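Shown next: final27.cif, containing mmCIF, C-alpha atoms, pLDDT in the B column; chains and numbers go by the auth columns.
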data_protein
#
loop_
_atom_site.group_PDB
_atom_site.id
_atom_site.type_symbol
_atom_site.label_atom_id
_atom_site.label_comp_id
_atom_site.label_asym_id
_atom_site.label_seq_id
_atom_site.Cartn_x
_atom_site.Cartn_y
_atom_site.Cartn_z
_atom_site.B_iso_or_equiv
_atom_site.auth_seq_id
_atom_site.auth_asym_id
ATOM 1 C CA MET A 1 9.501 -10.735 -8.300 74.00 681 A
ATOM 2 C CA GLN A 2 12.907 -9.560 -7.114 81.00 682 A
ATOM 3 C CA VAL A 3 14.234 -8.518 -3.738 83.00 683 A
ATOM 4 C CA PRO A 4 16.488 -5.532 -4.481 86.00 684 A
ATOM 5 C CA GLY A 5 20.160 -5.905 -3.653 91.00 685 A
ATOM 6 C CA GLY A 6 21.397 -4.390 -0.424 91.00 686 A
ATOM 7 C CA ILE A 7 18.217 -4.830 1.563 86.00 687 A
ATOM 8 C CA TYR A 8 19.733 -7.643 3.591 88.00 688 A
ATOM 9 C CA ALA A 9 23.321 -7.855 4.811 89.00 689 A
ATOM 10 C CA GLY A 10 25.506 -10.053 2.632 91.00 690 A
ATOM 11 C CA ASN A 11 23.211 -9.805 -0.390 90.00 691 A
ATOM 12 C CA PRO A 12 24.438 -6.944 -2.582 94.00 692 A
ATOM 13 C CA ASP A 13 22.724 -8.236 -5.740 95.00 693 A
ATOM 14 C CA PRO A 14 19.017 -8.555 -6.555 92.00 694 A
ATOM 15 C CA VAL A 15 17.563 -11.972 -5.772 89.00 695 A
ATOM 16 C CA SER A 16 14.675 -13.544 -7.683 89.00 696 A
ATOM 17 C CA THR A 17 11.986 -14.888 -5.418 83.00 697 A
ATOM 18 C CA PHE A 18 8.298 -15.621 -5.272 78.00 698 A
ATOM 19 C CA GLY A 19 5.729 -13.990 -3.110 68.00 699 A
ATOM 20 C CA VAL A 20 2.375 -12.392 -2.821 64.00 700 A
ATOM 21 C CA LYS A 21 1.512 -8.773 -2.389 68.00 701 A
ATOM 22 C CA ALA A 22 0.779 -7.638 1.129 72.00 702 A
ATOM 23 C CA THR A 23 -2.876 -6.809 1.546 80.00 703 A
ATOM 24 C CA LEU A 24 -4.605 -4.981 4.337 85.00 704 A
ATOM 25 C CA VAL A 25 -7.954 -6.659 4.850 90.00 705 A
ATOM 26 C CA THR A 26 -10.873 -5.560 6.961 93.00 706 A
ATOM 27 C CA SER A 27 -14.553 -6.202 7.360 93.00 707 A
ATOM 28 C CA SER A 28 -17.025 -4.249 5.280 91.00 708 A
ATOM 29 C CA LYS A 29 -18.543 -3.377 8.661 95.00 709 A
ATOM 30 C CA LEU A 30 -15.554 -1.175 9.532 97.00 710 A
ATOM 31 C CA ASP A 31 -16.591 2.462 9.688 97.00 711 A
ATOM 32 C CA PRO A 32 -15.712 4.095 6.331 97.00 712 A
ATOM 33 C CA GLU A 33 -14.033 7.053 8.058 98.00 713 A
ATOM 34 C CA THR A 34 -11.732 4.718 9.992 98.00 714 A
ATOM 35 C CA ALA A 35 -10.775 2.846 6.820 97.00 715 A
ATOM 36 C CA TYR A 36 -10.201 6.162 5.037 98.00 716 A
ATOM 37 C CA GLN A 37 -7.903 7.428 7.814 98.00 717 A
ATOM 38 C CA VAL A 38 -5.875 4.181 7.857 97.00 718 A
ATOM 39 C CA VAL A 39 -5.378 4.225 4.077 95.00 719 A
ATOM 40 C CA LYS A 40 -4.534 7.930 4.159 97.00 720 A
ATOM 41 C CA ALA A 41 -1.976 7.398 6.943 96.00 721 A
ATOM 42 C CA VAL A 42 -0.251 4.612 5.023 93.00 722 A
ATOM 43 C CA PHE A 43 -0.016 6.452 1.714 93.00 723 A
ATOM 44 C CA GLU A 44 0.957 9.763 3.268 95.00 724 A
ATOM 45 C CA ASN A 45 3.748 8.164 5.277 94.00 725 A
ATOM 46 C CA LEU A 46 5.397 5.917 2.687 91.00 726 A
ATOM 47 C CA ASP A 47 8.661 7.852 3.061 91.00 727 A
ATOM 48 C CA ARG A 48 8.687 7.262 6.803 93.00 728 A
ATOM 49 C CA LEU A 49 7.858 3.593 6.308 90.00 729 A
ATOM 50 C CA GLY A 50 10.806 3.355 3.900 88.00 730 A
ATOM 51 C CA GLU A 51 13.076 4.735 6.602 90.00 731 A
ATOM 52 C CA MET A 52 11.833 2.096 9.029 91.00 732 A
ATOM 53 C CA HIS A 53 12.595 -0.849 6.756 85.00 733 A
ATOM 54 C CA PRO A 54 14.209 -0.958 3.311 79.00 734 A
ATOM 55 C CA ALA A 55 11.495 -3.245 1.942 76.00 735 A
ATOM 56 C CA PHE A 56 9.053 -0.348 2.232 82.00 736 A
ATOM 57 C CA ALA A 57 11.370 1.984 0.304 82.00 737 A
ATOM 58 C CA ASN A 58 10.329 0.443 -3.010 80.00 738 A
ATOM 59 C CA LEU A 59 6.583 0.784 -2.610 84.00 739 A
ATOM 60 C CA ASP A 60 4.917 2.416 -5.588 85.00 740 A
ATOM 61 C CA PRO A 61 1.435 3.830 -4.912 86.00 741 A
ATOM 62 C CA ALA A 62 0.352 3.283 -8.518 83.00 742 A
ATOM 63 C CA LYS A 63 1.146 -0.419 -8.221 83.00 743 A
ATOM 64 C CA MET A 64 -0.266 -0.687 -4.712 84.00 744 A
ATOM 65 C CA ILE A 65 -3.728 0.272 -5.922 84.00 745 A
ATOM 66 C CA SER A 66 -3.716 -1.717 -9.137 81.00 746 A
ATOM 67 C CA GLU A 67 -1.762 -4.942 -8.612 80.00 747 A
ATOM 68 C CA GLY A 68 -2.636 -7.836 -6.413 70.00 748 A
ATOM 69 C CA LEU A 69 -6.052 -6.669 -5.284 78.00 749 A
ATOM 70 C CA THR A 70 -7.774 -9.822 -4.098 80.00 750 A
ATOM 71 C CA ALA A 71 -10.881 -8.340 -2.501 85.00 751 A
ATOM 72 C CA PRO A 72 -13.232 -5.463 -3.235 89.00 752 A
ATOM 73 C CA LEU A 73 -12.055 -2.061 -2.054 91.00 753 A
ATOM 74 C CA HIS A 74 -13.547 -0.828 1.187 94.00 754 A
ATOM 75 C CA GLU A 75 -15.697 2.274 0.804 95.00 755 A
ATOM 76 C CA GLY A 76 -13.197 4.301 2.869 96.00 756 A
ATOM 77 C CA ALA A 77 -10.213 3.218 0.761 94.00 757 A
ATOM 78 C CA ARG A 78 -12.133 3.917 -2.430 94.00 758 A
ATOM 79 C CA ARG A 79 -12.870 7.459 -1.182 96.00 759 A
ATOM 80 C CA TYR A 80 -9.176 8.161 -0.602 95.00 760 A
ATOM 81 C CA TYR A 81 -8.164 6.757 -4.003 94.00 761 A
ATOM 82 C CA ILE A 82 -10.801 8.886 -5.737 94.00 762 A
ATOM 83 C CA GLU A 83 -9.674 12.014 -3.878 96.00 763 A
ATOM 84 C CA ARG A 84 -6.101 11.392 -5.014 94.00 764 A
ATOM 85 C CA GLY A 85 -7.257 10.906 -8.594 92.00 765 A
ATOM 86 C CA TRP A 86 -5.896 7.368 -8.696 90.00 766 A
ATOM 87 C CA ILE A 87 -9.233 5.840 -9.630 90.00 767 A
ATOM 88 C CA THR A 88 -12.551 7.053 -10.869 88.00 768 A
ATOM 89 C CA GLN A 89 -15.669 5.909 -9.176 79.00 769 A
#
In structure tokens, how does this file's structure come out?
Amino acid sequence: MQVPGGIYAGNPDPVSTFGVKATLVTSSKLDPETAYQVVKAVFENLDRLGEMHPAFANLDPAKMISEGLTAPLHEGARRYYIERGWITQ
């Protein structure tokens, strides 16, 4: 994994590092509509998140839904991914 150059002051070059993917975790008891709306808000505001912090500027939706998944998808998240055509049921 690499931290792109320029994200932090004084570090113009990419830096190799280790790390884990960030994961939003919830209970399966969370209302599916609430989970759907949270996932939708995140994916539909990636540009705004990137403006808030440079680390978010490099998020790739295709990788976010396929790499580093450590738990089953919540029903609400699955619904959003299916609607976007990113996964099939």
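Here the question is which of A:Gly686, A:Pro712, A:Gly730, A:Pro741 gets nearest to Arg758 of chain A using all atoms listed in the file, and that residue is A:Pro712.
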Exercise for the section: Kindly give the distance, in Å, that separates atom CA of Trp766 of chain A and atom CA of Phe698 of chain A, rounded to a single decimal. Expected result: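 Separation between atom CA of Trp766 of chain A and atom CA of Phe698 of chain A: 27.2 Å.
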Exercise for the section: Would you mind reading off the distance between atom CA of Ile687 of chain A and atom CA of Ala735 of chain A, one decimal, in Å? Expected result: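 Separation of atom CA of Ile687 of chain A and atom CA of Ala735 of chain A: 6.9 Å.
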Practice task
Using all atoms listed in the file, find the one residue out of A:Ala702, A:Leu729, A:Ala715, A:Ile767 that sits nearest to Ser746 of chain A.
Solution key: A:Ile767
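Taking atom CA of Val705 of chain A and atom CA of Ala757 of chain A as endpoints, the distance between them is 10.9 Å.
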Exercise for the section: Evaluate the PyMOL selection byres ((chain A and resi 685) around 12) on the structure here and hand back the selected residues as a PyMOL selection string. Expected result: chain A and resi 682-684+686-696+734-735+738
Quick one: write out the picked residues with C-alpha atoms as an mmCIF file, keeping the file's coordinate frame?
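Output below, filename result_2.cif:
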data_model
loop_
_atom_site.group_PDB
_atom_site.id
_atom_site.type_symbol
_atom_site.label_atom_id
_atom_site.label_comp_id
_atom_site.auth_asym_id
_atom_site.auth_seq_id
_atom_site.Cartn_x
_atom_site.Cartn_y
_atom_site.Cartn_z
ATOM 1 C CA GLN A 682 12.907 -9.560 -7.114
ATOM 2 C CA VAL A 683 14.234 -8.518 -3.738
ATOM 3 C CA PRO A 684 16.488 -5.532 -4.481
ATOM 4 C CA GLY A 686 21.397 -4.390 -0.424
ATOM 5 C CA ILE A 687 18.217 -4.830 1.563
ATOM 6 C CA TYR A 688 19.733 -7.643 3.591
ATOM 7 C CA ALA A 689 23.321 -7.855 4.811
ATOM 8 C CA GLY A 690 25.506 -10.053 2.632
ATOM 9 C CA ASN A 691 23.211 -9.805 -0.390
ATOM 10 C CA PRO A 692 24.438 -6.944 -2.582
ATOM 11 C CA ASP A 693 22.724 -8.236 -5.740
ATOM 12 C CA PRO A 694 19.017 -8.555 -6.555
ATOM 13 C CA VAL A 695 17.563 -11.972 -5.772
ATOM 14 C CA SER A 696 14.675 -13.544 -7.683
ATOM 15 C CA PRO A 734 14.209 -0.958 3.311
ATOM 16 C CA ALA A 735 11.495 -3.245 1.942
ATOM 17 C CA ASN A 738 10.329 0.443 -3.010
#
Practice task
Find, counting only C-alpha atoms, the residue in A:Leu753, A:Leu704, A:Met744, A:Leu710 that gets nearest to Leu726 of chain A.
Solution key: A:Met744
Problem - Using only C-alpha atoms: which of A:Asp711, A:Val718, A:Thr697, A:Thr706 has the shortest distance to Ala751 of chain A - result: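 With only C-alpha atoms as the atom set, the closest residue is A:Thr706.
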Practice task
Have a look at A:Val719, A:Met732, A:Leu749, A:Leu739 and name the one nearest to Glu763 of chain A; count all atoms listed in the file.
Solution key: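 The answer is A:Val719, which sits nearest to Glu763 of chain A.
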Handout entry: Residue among A:Thr703, A:Lys743, A:Gly765, A:Tyr760 lying closest to Ala721 of chain A, counting all atoms listed in the file
Key =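 Comparing A:Thr703, A:Lys743, A:Gly765, A:Tyr760 against Ala721 of chain A, the winner is A:Tyr760.
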Could you work out an axis-aligned box for segment 692-697 of chain A, taking every atom the file lists and adding 8 Å on each side, and report centre and edge lengths in Å to one decimal, as AutoDock Vina command-line options?
--center_x 18.2 --center_y -10.9 --center_z -5.1 --size_x 28.5 --size_y 23.9 --size_z 21.1
Just write chain A with C-alpha atoms, as a PDB file, in the first residue's frame, taken from the block above.
ATOM      1  CA  MET A 681       0.000   0.000   0.000  1.00  0.00           C
ATOM      2  CA  GLN A 682       1.248   3.506  -0.733  1.00  0.00           C
ATOM      3  CA  VAL A 683       0.325   6.901   0.634  1.00  0.00           C
ATOM      4  CA  PRO A 684       0.348   9.193  -2.414  1.00  0.00           C
ATOM      5  CA  GLY A 685       2.861  12.021  -2.416  1.00  0.00           C
ATOM      6  CA  GLY A 686       1.639  15.460  -1.450  1.00  0.00           C
ATOM      7  CA  ILE A 687      -1.044  14.356   0.965  1.00  0.00           C
ATOM      8  CA  TYR A 688       1.015  15.463   3.942  1.00  0.00           C
ATOM      9  CA  ALA A 689       3.228  18.540   4.126  1.00  0.00           C
ATOM     10  CA  GLY A 690       6.897  17.770   3.580  1.00  0.00           C
ATOM     11  CA  ASN A 691       6.220  14.472   1.812  1.00  0.00           C
ATOM     12  CA  PRO A 692       6.120  15.132  -1.936  1.00  0.00           C
ATOM     13  CA  ASP A 693       6.844  11.507  -2.894  1.00  0.00           C
ATOM     14  CA  PRO A 694       4.727   8.379  -2.409  1.00  0.00           C
ATOM     15  CA  VAL A 695       5.516   6.472   0.776  1.00  0.00           C
ATOM     16  CA  SER A 696       5.137   2.706   1.151  1.00  0.00           C
ATOM     17  CA  THR A 697       3.254   1.731   4.260  1.00  0.00           C
ATOM     18  CA  PHE A 698       1.057  -0.966   5.696  1.00  0.00           C
ATOM     19  CA  GLY A 699      -2.529  -0.698   6.700  1.00  0.00           C
ATOM     20  CA  VAL A 700      -5.970  -2.121   6.588  1.00  0.00           C
ATOM     21  CA  LYS A 701      -8.951  -0.946   4.648  1.00  0.00           C
ATOM     22  CA  ALA A 702     -11.430   1.186   6.521  1.00  0.00           C
ATOM     23  CA  THR A 703     -14.658  -0.678   7.087  1.00  0.00           C
ATOM     24  CA  LEU A 704     -18.000   0.623   8.208  1.00  0.00           C
ATOM     25  CA  VAL A 705     -19.513  -2.009  10.462  1.00  0.00           C
ATOM     26  CA  THR A 706     -23.000  -2.227  11.868  1.00  0.00           C
ATOM     27  CA  SER A 707     -25.337  -4.726  13.419  1.00  0.00           C
ATOM     28  CA  SER A 708     -27.523  -6.862  11.203  1.00  0.00           C
ATOM     29  CA  LYS A 709     -30.344  -5.451  13.335  1.00  0.00           C
ATOM     30  CA  LEU A 710     -29.905  -1.996  11.782  1.00  0.00           C
ATOM     31  CA  ASP A 711     -32.919  -1.100   9.676  1.00  0.00           C
ATOM     32  CA  PRO A 712     -32.092  -1.895   6.016  1.00  0.00           C
ATOM     33  CA  GLU A 713     -33.347   1.514   4.853  1.00  0.00           C
ATOM     34  CA  THR A 714     -30.996   3.289   7.263  1.00  0.00           C
ATOM     35  CA  ALA A 715     -28.031   1.216   6.078  1.00  0.00           C
ATOM     36  CA  TYR A 716     -29.017   1.874   2.459  1.00  0.00           C
ATOM     37  CA  GLN A 717     -29.178   5.648   3.034  1.00  0.00           C
ATOM     38  CA  VAL A 718     -25.778   5.703   4.793  1.00  0.00           C
ATOM     39  CA  VAL A 719     -24.092   3.737   1.994  1.00  0.00           C
ATOM     40  CA  LYS A 720     -25.799   5.882  -0.638  1.00  0.00           C
ATOM     41  CA  ALA A 721     -24.678   9.094   1.094  1.00  0.00           C
ATOM     42  CA  VAL A 722     -21.064   7.930   1.231  1.00  0.00           C
ATOM     43  CA  PHE A 723     -20.835   6.816  -2.388  1.00  0.00           C
ATOM     44  CA  GLU A 724     -22.739   9.789  -3.750  1.00  0.00           C
ATOM     45  CA  ASN A 725     -20.521  12.243  -1.896  1.00  0.00           C
ATOM     46  CA  LEU A 726     -17.051  10.838  -2.574  1.00  0.00           C
ATOM     47  CA  ASP A 727     -16.076  14.064  -4.359  1.00  0.00           C
ATOM     48  CA  ARG A 728     -17.046  16.134  -1.338  1.00  0.00           C
ATOM     49  CA  LEU A 729     -15.202  13.761   0.976  1.00  0.00           C
ATOM     50  CA  GLY A 730     -12.115  14.171  -1.226  1.00  0.00           C
ATOM     51  CA  GLU A 731     -12.338  17.926  -0.775  1.00  0.00           C
ATOM     52  CA  MET A 732     -12.469  17.491   2.993  1.00  0.00           C
ATOM     53  CA  HIS A 733      -9.310  15.396   3.208  1.00  0.00           C
ATOM     54  CA  PRO A 734      -6.866  14.325   0.494  1.00  0.00           C
ATOM     55  CA  ALA A 735      -6.880  10.714   1.692  1.00  0.00           C
ATOM     56  CA  PHE A 736     -10.477  10.441   0.498  1.00  0.00           C
ATOM     57  CA  ALA A 737      -9.582  11.779  -2.955  1.00  0.00           C
ATOM     58  CA  ASN A 738      -8.174   8.409  -4.008  1.00  0.00           C
ATOM     59  CA  LEU A 739     -11.162   6.272  -3.105  1.00  0.00           C
ATOM     60  CA  ASP A 740     -12.260   3.995  -5.918  1.00  0.00           C
ATOM     61  CA  PRO A 741     -15.819   2.647  -5.605  1.00  0.00           C
ATOM     62  CA  ALA A 742     -14.946  -0.521  -7.523  1.00  0.00           C
ATOM     63  CA  LYS A 743     -12.226  -1.329  -4.999  1.00  0.00           C
ATOM     64  CA  MET A 744     -14.320  -0.237  -2.032  1.00  0.00           C
ATOM     65  CA  ILE A 745     -16.905  -2.917  -2.741  1.00  0.00           C
ATOM     66  CA  SER A 746     -14.520  -5.700  -3.661  1.00  0.00           C
ATOM     67  CA  GLU A 747     -11.358  -5.391  -1.562  1.00  0.00           C
ATOM     68  CA  GLY A 748     -10.992  -5.823   2.133  1.00  0.00           C
ATOM     69  CA  LEU A 749     -14.516  -6.951   2.916  1.00  0.00           C
ATOM     70  CA  THR A 750     -14.222  -8.682   6.267  1.00  0.00           C
ATOM     71  CA  ALA A 751     -17.891  -9.184   7.097  1.00  0.00           C
ATOM     72  CA  PRO A 752     -21.044 -10.033   5.176  1.00  0.00           C
ATOM     73  CA  LEU A 753     -22.726  -7.113   3.444  1.00  0.00           C
ATOM     74  CA  HIS A 754     -25.699  -5.622   5.230  1.00  0.00           C
ATOM     75  CA  GLU A 755     -28.974  -6.027   3.358  1.00  0.00           C
ATOM     76  CA  GLY A 756     -29.202  -2.240   2.873  1.00  0.00           C
ATOM     77  CA  ALA A 757     -25.680  -1.970   1.443  1.00  0.00           C
ATOM     78  CA  ARG A 758     -26.309  -4.933  -0.833  1.00  0.00           C
ATOM     79  CA  ARG A 759     -29.448  -3.204  -2.177  1.00  0.00           C
ATOM     80  CA  TYR A 760     -27.488  -0.071  -3.083  1.00  0.00           C
ATOM     81  CA  TYR A 761     -24.691  -2.055  -4.757  1.00  0.00           C
ATOM     82  CA  ILE A 762     -27.225  -4.018  -6.810  1.00  0.00           C
ATOM     83  CA  GLU A 763     -29.020  -0.829  -7.870  1.00  0.00           C
ATOM     84  CA  ARG A 764     -25.716   0.625  -9.061  1.00  0.00           C
ATOM     85  CA  GLY A 765     -24.941  -2.551 -10.986  1.00  0.00           C
ATOM     86  CA  TRP A 766     -21.779  -3.155  -8.981  1.00  0.00           C
ATOM     87  CA  ILE A 767     -22.853  -6.605  -7.848  1.00  0.00           C
ATOM     88  CA  THR A 768     -25.482  -9.100  -8.781  1.00  0.00           C
ATOM     89  CA  GLN A 769     -27.584 -10.633  -6.112  1.00  0.00           C
TER      90      GLN A 769
END
